[in-house]
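Q: Structure below; questions to follow.
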Amino acid sequence: MLKTGTNKWTLKDVITLAIFTVIIFVLLMIVMVLSNILLTPVGAYFASPGISALLAGPFYMVMANKISKRGVVFLICTITGLLFLAIGQVYTFVIYFIFGVIGELCMLGQDAYLKLFRNMVGFLFYMVALSAAAFIPMILFREQFLAWYSTVGTEEVISTLIQVYGSPSGILITIALTGAGTILGCMIGQRILNRHVKKARI
Amino acid sequence: MKHFQDPRLTLGGLFLTAISILFINTSIQIHLLMGISVLYLLSLNKFREAIVYTSIYILLWGLIYVFPSRFGDVGVVIMVTSKMMPMVAIGTVFISTPADAIMLAGHKIRLPQAIIIAICILLRFSSVIRQEMHRIAQGIRARGLLPHWYSVILHPARSYDCFVLPLIIRGLRLSTELTCAAQFRGIENSTSRTCIYSIAVTAKDLIRTVLHGIACVAVLWFGRNL
């Protein structure tokens, strides 16, 4: 049995998490591809995590509020990391797992998943992991990461990656844009939650 | 009783392919691995899938050869996708296995029930999203809000508003419906699970997986010198 207490995960929680994780992952993929085409690769590196946060924020807010149990950030990060692993992104999986643990630690405390600000923090870790999967390996083991990346990308793409994440300012701009997208996305999500989901008692 | 290859063996094959993909460096190795995966599909009588994935693979490599540096980061996506095609091909076998069979196999290897359920939902729901989006789009069009396909590009804020809320509500309703259906079918029953499909490990399935493993190792070992 899955349900044994009030803070234990029920079957409905697991199913809700799985459904919304798939929706968020599909959104991330669509934004990633479209931003590369419409904003050029450089623009995509800066903007796509922020745009993804803005679009996926409402889904995350509704999911977190409906489940409201310990482990949401960790599980969504782990599942997303596994989905990235399935398409060959090994570094992304590791970063998602680590950020999931840190994000979950930030959500410690009672009713954290019902609070807007706490949810923003948790979701920020989830979204920053998307760009951190590129800039953290660049900072920690640059040569090995670029050697791995060169097996899947052209020289032009690698130079773009170095151009964007090679300097602290590039990393900070990306994080700032992701933060802005997260705040807006979560606020829209909170509004949807209050105006529609709670009123309709779904 | 319809027989399906044991999902544990399929996962084994998938794991071997994934490991091979991580370590291959040359184009020849990718081509060979794709060939092995297609043979794996053919041995399971999945002719349609074999043709579809081979065609997609040829198309992707055609794009890479014709426009080697025209796509920027989309080029990386194409390259990664083509590299992942052998895994996707084997993954099809796993995805096409009925959820009941996957759950029984999961129980046999003592995976936590929450993880088994999440895996089944992840596998099944991906295709449902497209259908849901199509239904939502039809509903929006019927109300005259976004009459043309390009209206989404002309009015991005309105499109976001029109798609997000119905998708959230649909997601919540689906989770309730799926929970009710699963509970009605006794998913929370802690006694040993049974299944209407035969998923026993047969000698043929075992030989197929072992041969696949040997072929993957051979590609890794000998392919680097080609």
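In the structure tokens, each chain is lettered A, B, ... as it comes, each chain's residues begin at 1, and ligands are numbered from 1 in order of appearance.
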Using only C-alpha atoms, find the residues of chain B whose closest atom to chain A is at most 9 Å away, then write them as a PyMOL selection string.
A: chain B and resi 18+21-22+25-26+68-69+71-81+83-84+87-88+113-115+117-119+121-122+125-126+129+160+164-165+167-169+171-176+178-180+182-183+187-190
Q: Where does region 14-82 of chain B meet region 89-105 of chain B within 9 Å, residue by residue, with the nearest atom pair and distance in Å to one decimal for each, counting only C-alpha atoms, listed by chain and rising number, as CSV?
A:
residue,atom,partner,partner_atom,distance
B:Leu14,CA,B:Ile90,CA,5.9
B:Thr17,CA,B:Ile90,CA,8.1
B:Met34,CA,B:Ala89,CA,8.3
B:Ser37,CA,B:Ile90,CA,6.3
B:Val38,CA,B:Ala89,CA,7.2
B:Tyr40,CA,B:Ile90,CA,7.5
B:Leu41,CA,B:Ile90,CA,7.1
B:Leu44,CA,B:Val93,CA,8.5
B:Lys46,CA,B:Val93,CA,8.4
B:Glu49,CA,B:Ala89,CA,7.5
B:Ala50,CA,B:Ala89,CA,7.6
B:Tyr53,CA,B:Ala89,CA,6.5
Q: I'd like the neighbourhood of Trp221 (chain B) as a PyMOL selection string, where a residue qualifies if any of its atoms comes within 10 Å (using only C-alpha atoms), though same-chain residues fewer than 4 positions away should be ignored.
A: chain B and resi 24+29+215-217+225
Q: Just give me the gap between CA of Lys199 (chain A) and CA of Leu184 (chain A) in Å, one decimal is fine.
A: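 According to the coordinates, CA of Lys199 (chain A) and CA of Leu184 (chain A) are separated by 21.7 Å.
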Q: Between A:Gly71, A:Gly181, A:Gly81, A:Gly43, which residue has the minimum interatomic distance to Gly103 (chain A), considering only C-alpha atoms?
A: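 Among the listed residues, the smallest separation from Gly103 (chain A) belongs to A:Gly71.
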Q: Using only C-alpha atoms, which protein or nucleic acid residues come within 9 Å of Ile183 (chain A)? Drop anything in the same chain fewer than 5 positions from it, and give the result as a list in words.
A: Ala53, Leu54, Gly57, Phe117, Met120, Leu124, Thr178 and Ile188 of chain A
Q: Write out, as a compact mmCIF listing (two decimals), in the first residue's frame, the residues just selected, with N, CA and C atoms.
A:
# COMPACT_ATOMS: atom_id res chain seq x y z
N ALA A 53 11.07 28.37 -17.63
CA ALA A 53 10.56 28.59 -16.27
C ALA A 53 9.23 29.32 -16.30
N LEU A 54 9.14 30.30 -17.18
CA LEU A 54 7.90 31.08 -17.29
C LEU A 54 6.74 30.19 -17.74
N GLY A 57 6.27 27.13 -15.01
CA GLY A 57 5.97 27.55 -13.63
C GLY A 57 4.55 27.22 -13.17
N PHE A 117 6.71 31.64 -1.99
CA PHE A 117 8.14 31.94 -2.02
C PHE A 117 8.97 30.65 -1.96
N MET A 120 8.97 28.94 -5.16
CA MET A 120 9.84 29.63 -6.13
C MET A 120 11.28 29.15 -5.97
N LEU A 124 13.28 27.19 -8.72
CA LEU A 124 14.49 27.85 -9.24
C LEU A 124 15.63 26.83 -9.36
N THR A 178 16.72 33.19 -15.60
CA THR A 178 15.99 32.01 -15.10
C THR A 178 15.20 32.40 -13.85
N ILE A 188 2.17 33.42 -11.86
CA ILE A 188 1.04 33.08 -12.74
C ILE A 188 0.40 31.78 -12.24
Q: What does the distance between CA of Met61 (chain A) and CA of Leu116 (chain A) come to in Å, to one decimal place?
A: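 Taking CA of Met61 (chain A) as the start and CA of Leu116 (chain A) as the end point, the length is 8.1 Å.
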Q: Phe84 (chain A): which residues within 10 Å, counting only C-alpha atoms, same-chain residues fewer than 6 positions away excluded, as a count of residues only?
A: 8
Q: Per DSSP on the backbone, filter region 12-213 of chain B down to the residues in helix (DSSP H, G or I) and report them as an MDAnalysis selection string.
A: chainID B and resid 12:23 27:43 47:66 73:95 99:108 113:142 151:154 156:184 203:213
Q: One number please: CA of Asp161 (chain B) to CA of Ile136 (chain B), in Å, one decimal.
A: 11.8 Å
